[in-house]
Amino acid sequence: MSRSGAIAVVGLGCRFPGAENVNRYWQLVREGRHKFGPPPRDRWDHEAFFSQSQRTPDRYYAPHGAFLDDVASFAAMEFGIPPRRVEVMDPQQRMALECAWYTFQDAGYAASIDRVDGGRPIDRSRVGTFLGLCAMEFRSILGARTIAQMLAAGQFGDAASAEEAKRLGDMINRLVPSRAFSGPGVLSNMSAAVVAQELDLGGPAFTVDAACASALVAIHDAVTYLRAGHIDAALAGGVYLNLTPDHLVGFSRIGAISLGGICRPFDVNADGFVQGEGVGLVMLKRLDDAVRDGDRVYAVLRGSALNNDGKGDGPMSPRGEGQEAVIQAAWDDAGITARDVGHVETHGTGTTVGDRTELSALRNRLAGREGPVLIGSAKANVGHTMSAAGVAGFIKAVLSVHHAEVPPLANWTAPHPDIAAAPDTFAVPTAPVPWTDPRRVATVSSFGFGGTNAHMVIEAPQARPTARLFALGAPAPSLGAAQLVVISADDGALLGRYASELADTIADTDSLAAVAHTLNVGRRRRAVRAAIVAQSTAELRKHLRKVGDTLARDASTRGAQGRDAVIGDAATPAPVAFLCPGQGMQKVGLLREWLAIPEF
């Protein structure tokens, strides 16, 4: 494939159960952990829908799912969205918007139009938004008032008695009534459109529904638009929230859900998947453009392909022939062979038919290579996140390439018979495996109900470009050994969490000058601040952790925290006047350099 067909992954953003951001997600998968448990009480009454029998109508037998801790909170005023609109806005829209903001910033670009959040400018008219989305469960909740009235009127049987109608009326009055924003609040297209509107992105913006393959299909669409030159950058991924028990009930009828509540892909003890949820987005650019612009490149997307199984045994039965074909098409697009592949991030649901079909297709494509391929599946960590499943696997594979390490397959007990019978083809990592091959080629699969298959090939950048330091209106300063770092938040508790998160994110090998520049230049300053002086990233991490621990104990703490750190409140800004006394003529542009200082 020509160099112009290579796509750079320059930004990542995600939120999955047990992992509220990319850094936490990498820790989760690297440590082989998961977060499976019963639905939160604010979703629905688990006991009312749970039955140990697999045949009870309108009930599910799944003891556990993988759920996010809080899907109600949203910084509405930060985005300028009225609270009354938020009340009728699908939480999937809100999550996609927040994730898009984080992904923009992770790529080093200004997420907000006025750039008060820091970052470089970008031609927003040339940025596309591609989002996988296969379910709108919030629509069922918001439409419950109408359904209740239909029930009372006898739409589905006898009309309700006066007492029954009153009880229904009392219940539906607790729900938000229809408003002007209710329509767009539950439309699937709006999840992508809201991102484009709020971030002022002028490229194509649409949602894709290919069931479980939706997110990877969205990424493929973004690649297609980038290669064709229609756009210069793209946000792509998927989102899914499990807000009602409908999916669990439906999957229980076909026996796809794990009876034990643990997802074990390719394991002899696998008994189905665990329902998950989450959101993930990646920012993509053509590799040539990313190198030119000095972007940090996590990985290079070399090949991508889509197809459909065609006629099969049923709407949910996968076909190995279709999977083999899409794998080969992606490998051809990337210009690789089976010998190049070092790791496969599989669809890996933990279902009998799904795992057997996928292993068979992979075994046929990998025939003839020397040595086994490491296989994994993010569903063992975060469950089956439906329309976000493809991007969960994609981000995991990108991070594996970036960190030169393959995470373990979580919950592993013993190999599936198809793996045990092919030890020369597959290997299951049970602990993090260093990836010594400098090329580090990984492939990612995602297969959806209805037969849509997606497969991608990514690899490490062969000459990793050095990200540039970008100042706002002036060249990057010449920085010495010691650096001043200032961070801020709206209150002490948030500042403490931010400091602790930074301490976990920054690596000792990072450039202190680059870290200081990123945190200091162009950031929106909040009410509570911490200033730290450090001479190394290790020292910076130590001070950040101390600030975080101090504010976690008492969010009202202020003052010096040792010699090199201080916590304080921002003073009310006072008017500033410049007095320039002296004699003689003044030169043209006398104060121009002052105007270039970002704070002014």
# chains A, B, ... in the order shown; residues from 1 in each chain; ligands from 1
>>> residues_around(residues="Arg302 (chain A)", least_positions_apart="3", cutoff="6 Å", atoms="only C-alpha atoms", output="PDB file with C-alpha atoms, in the first residue's frame")
ATOM      1  CA  ALA A   6      -1.439   4.956   5.827  1.00  0.00           C
ATOM      2  CA  ALA A 334      -2.025  -3.437   4.391  1.00  0.00           C
ATOM      3  CA  VAL A 457      -4.285  -3.946  10.611  1.00  0.00           C
ATOM      4  CA  ILE A 458      -2.227  -1.561  12.744  1.00  0.00           C
TER       5      ILE A 458
END
>>> residues_around(residues="Ser258 (chain A)", least_positions_apart="5", cutoff="9 Å", atoms="only C-alpha atoms", output="list in words")
Tyr61, Ala62, Pro63, His64, Ser252, Cys263, Arg264, Ala270, Asp271, Gly272, Phe273, Val274, Gln275, Gly350 and Thr351 of chain A
>>> write_last_selection(atoms="all heavy atoms", output="tab-separated table (two decimals), in the first residue's frame")
chain	number	residue	atom	x	y	z
A	61	TYR	N	-31.23	-14.41	33.12
A	61	TYR	CA	-30.54	-15.25	34.09
A	61	TYR	C	-29.14	-14.73	34.39
A	61	TYR	O	-28.41	-15.33	35.18
A	61	TYR	CB	-30.46	-16.70	33.59
A	61	TYR	CG	-29.71	-16.87	32.29
A	61	TYR	CD1	-28.32	-16.91	32.25
A	61	TYR	CD2	-30.41	-17.00	31.08
A	61	TYR	CE1	-27.63	-17.07	31.06
A	61	TYR	CE2	-29.74	-17.16	29.88
A	61	TYR	CZ	-28.35	-17.20	29.88
A	61	TYR	OH	-27.67	-17.35	28.69
A	62	ALA	N	-28.75	-13.62	33.78
A	62	ALA	CA	-27.40	-13.09	33.94
A	62	ALA	C	-27.23	-12.47	35.32
A	62	ALA	O	-27.92	-11.50	35.65
A	62	ALA	CB	-27.12	-12.04	32.88
A	63	PRO	N	-26.33	-13.00	36.14
A	63	PRO	CA	-26.13	-12.41	37.46
A	63	PRO	C	-25.36	-11.09	37.42
A	63	PRO	O	-25.49	-10.27	38.32
A	63	PRO	CB	-25.34	-13.48	38.22
A	63	PRO	CG	-24.57	-14.20	37.15
A	63	PRO	CD	-25.46	-14.18	35.94
A	64	HIS	N	-24.55	-10.90	36.36
A	64	HIS	CA	-23.66	-9.75	36.31
A	64	HIS	C	-23.66	-9.10	34.93
A	64	HIS	O	-23.95	-9.73	33.92
A	64	HIS	CB	-22.23	-10.14	36.66
A	64	HIS	CG	-22.03	-10.57	38.07
A	64	HIS	ND1	-21.00	-11.41	38.47
A	64	HIS	CD2	-22.74	-10.30	39.20
A	64	HIS	CE1	-21.08	-11.63	39.76
A	64	HIS	NE2	-22.13	-10.97	40.23
A	252	SER	N	-30.78	-13.63	26.82
A	252	SER	CA	-31.03	-14.81	27.66
A	252	SER	C	-31.87	-15.84	26.91
A	252	SER	O	-31.75	-17.04	27.14
A	252	SER	CB	-31.73	-14.40	28.96
A	252	SER	OG	-30.87	-13.64	29.79
A	263	CYS	N	-16.97	-13.32	31.61
A	263	CYS	CA	-16.70	-13.53	30.19
A	263	CYS	C	-15.31	-14.15	30.03
A	263	CYS	O	-14.31	-13.58	30.48
A	263	CYS	CB	-16.77	-12.21	29.44
A	263	CYS	SG	-16.63	-12.38	27.64
A	264	ARG	N	-15.24	-15.33	29.40
A	264	ARG	CA	-13.98	-16.07	29.24
A	264	ARG	C	-13.78	-16.46	27.77
A	264	ARG	O	-13.95	-17.62	27.40
A	264	ARG	CB	-13.99	-17.34	30.10
A	264	ARG	CG	-14.26	-17.11	31.58
A	264	ARG	CD	-14.21	-18.44	32.33
A	264	ARG	NE	-14.67	-18.34	33.70
A	264	ARG	CZ	-13.91	-17.96	34.73
A	264	ARG	NH1	-12.65	-17.65	34.52
A	264	ARG	NH2	-14.41	-17.88	35.95
A	270	ALA	N	-15.76	-21.22	29.08
A	270	ALA	CA	-16.57	-20.12	28.57
A	270	ALA	C	-18.03	-20.53	28.46
A	270	ALA	O	-18.35	-21.64	28.03
A	270	ALA	CB	-16.05	-19.69	27.20
A	271	ASP	N	-18.92	-19.62	28.87
A	271	ASP	CA	-20.36	-19.91	28.77
A	271	ASP	C	-21.14	-18.69	28.28
A	271	ASP	O	-22.32	-18.54	28.61
A	271	ASP	CB	-20.91	-20.41	30.11
A	271	ASP	CG	-20.84	-19.36	31.21
A	271	ASP	OD1	-20.17	-18.33	31.02
A	271	ASP	OD2	-21.47	-19.57	32.27
A	272	GLY	N	-20.50	-17.81	27.52
A	272	GLY	CA	-21.20	-16.66	26.97
A	272	GLY	C	-20.55	-15.36	27.39
A	272	GLY	O	-19.55	-15.33	28.10
A	273	PHE	N	-21.13	-14.26	26.94
A	273	PHE	CA	-20.55	-12.96	27.24
A	273	PHE	C	-21.28	-12.28	28.40
A	273	PHE	O	-22.35	-12.69	28.82
A	273	PHE	CB	-20.52	-12.05	26.01
A	273	PHE	CG	-21.87	-11.68	25.43
A	273	PHE	CD1	-22.65	-10.69	25.99
A	273	PHE	CD2	-22.35	-12.31	24.28
A	273	PHE	CE1	-23.87	-10.32	25.46
A	273	PHE	CE2	-23.57	-11.97	23.73
A	273	PHE	CZ	-24.34	-10.97	24.33
A	274	VAL	N	-20.66	-11.23	28.90
A	274	VAL	CA	-21.25	-10.37	29.92
A	274	VAL	C	-21.60	-9.05	29.25
A	274	VAL	O	-20.80	-8.48	28.52
A	274	VAL	CB	-20.25	-10.14	31.08
A	274	VAL	CG1	-20.76	-9.08	32.03
A	274	VAL	CG2	-19.99	-11.44	31.82
A	275	GLN	N	-22.83	-8.58	29.48
A	275	GLN	CA	-23.25	-7.32	28.87
A	275	GLN	C	-22.42	-6.17	29.42
A	275	GLN	O	-22.30	-6.00	30.62
A	275	GLN	CB	-24.72	-7.07	29.18
A	275	GLN	CG	-25.28	-5.81	28.54
A	275	GLN	CD	-25.39	-5.93	27.04
A	275	GLN	OE1	-26.21	-6.66	26.52
A	275	GLN	NE2	-24.54	-5.21	26.33
A	350	GLY	N	-16.84	-15.25	23.84
A	350	GLY	CA	-16.99	-16.29	24.84
A	350	GLY	C	-18.18	-17.20	24.60
A	350	GLY	O	-18.49	-18.06	25.43
A	351	THR	N	-18.84	-17.06	23.44
A	351	THR	CA	-19.93	-17.95	23.08
A	351	THR	C	-19.37	-19.14	22.29
A	351	THR	O	-18.36	-19.01	21.60
A	351	THR	CB	-20.99	-17.24	22.21
A	351	THR	OG1	-20.37	-16.74	21.02
A	351	THR	CG2	-21.60	-16.06	22.98
>>> closest_residue(among="A:Ser536, A:Arg541, A:Gly548, A:Gln155", to="Leu494 (chain A)", atoms="only C-alpha atoms")
A:Gly548
>>> select_by_dssp(residues="region 273-500 of chain A", states="alpha helix (DSSP H)", output="PyMOL selection string")
chain A and resi 287-292+320-334+352-366+379-382+389-403+417-420+492-500
>>> residues_around(residues="region 483-490 of chain A", least_positions_apart="2", cutoff="8 Å", atoms="only C-alpha atoms", output="ChimeraX atom specification")
/A:479-481,492,494-495,498-499,512-513,516,519-520,525-535
>>> closest_residue(among="A:Pro204, A:Pro318, A:Gly169, A:Gly119", to="Leu151 (chain A)", atoms="only C-alpha atoms")
A:Gly169
>>> residues_around(residues="Arg253 (chain A)", least_positions_apart="2", cutoff="10 Å", atoms="only C-alpha atoms", output="PyMOL selection string")
chain A and resi 54-61+247-251+255-257
>>> select_by_dssp(residues="region 59-218 of chain A", states="strand (DSSP E or B)", output="list in words")
Tyr60, Gly65, Tyr109, Arg120, Val127, Gly128, Thr129, Phe130, Leu131, Gly132, Ala205, Phe206, Thr207, Val208, Ala210 and Cys212 of chain A
>>> residues_around(residues="Ser500 (chain A)", least_positions_apart="4", cutoff="7 Å", atoms="only C-alpha atoms", output="number ranges by chain")
A: 496, 504, 544-545, 548
>>> write_last_selection(atoms="C-alpha atoms", output="PDB file, in the first residue's frame")
ATOM      1  CA  GLY A 496      -6.918  16.529  44.132  1.00  0.00           C
ATOM      2  CA  ASP A 504      -0.500   8.128  37.324  1.00  0.00           C
ATOM      3  CA  LEU A 544       1.448  15.731  42.254  1.00  0.00           C
ATOM      4  CA  ARG A 545       0.721  12.643  44.311  1.00  0.00           C
ATOM      5  CA  GLY A 548      -3.657  14.677  45.433  1.00  0.00           C
TER       6      GLY A 548
END
>>> atom_distance(atom1="CA of Ser191 (chain A)", atom2="CA of Ile231 (chain A)")
19.8 Å
>>> closest_residue(among="A:Asn381, A:Pro434, A:Gln323, A:Leu362", to="Phe447 (chain A)", atoms="only C-alpha atoms")
A:Gln323
>>> closest_residue(among="A:His347, A:Arg43, A:Lys285, A:Arg84", to="Thr385 (chain A)", atoms="only C-alpha atoms")
A:His347
>>> closest_atom_pairs(of="region 8-34 of chain A", to="region 67-71 of chain A", cutoff="9 Å", atoms="only C-alpha atoms", output="Markdown table")
| residue | atom | partner | partner_atom | distance |
| --- | --- | --- | --- | --- |
| A:Arg15 | CA | A:Leu68 | CA | 8.2 |
| A:Phe16 | CA | A:Leu68 | CA | 6.6 |
| A:Pro17 | CA | A:Leu68 | CA | 4.7 |
| A:Gly18 | CA | A:Leu68 | CA | 7.2 |
| A:Ala19 | CA | A:Leu68 | CA | 8.7 |
| A:Glu20 | CA | A:Leu68 | CA | 8.5 |
>>> closest_residue(among="A:Thr505, A:Asp564, A:Ala215, A:Arg369", to="Thr452 (chain A)", atoms="only C-alpha atoms")
A:Ala215
>>> residues_around(residues="Phe206 (chain A)", least_positions_apart="5", cutoff="7 Å", atoms="only C-alpha atoms", output="ChimeraX atom specification")
/A:129-131,189,192-193
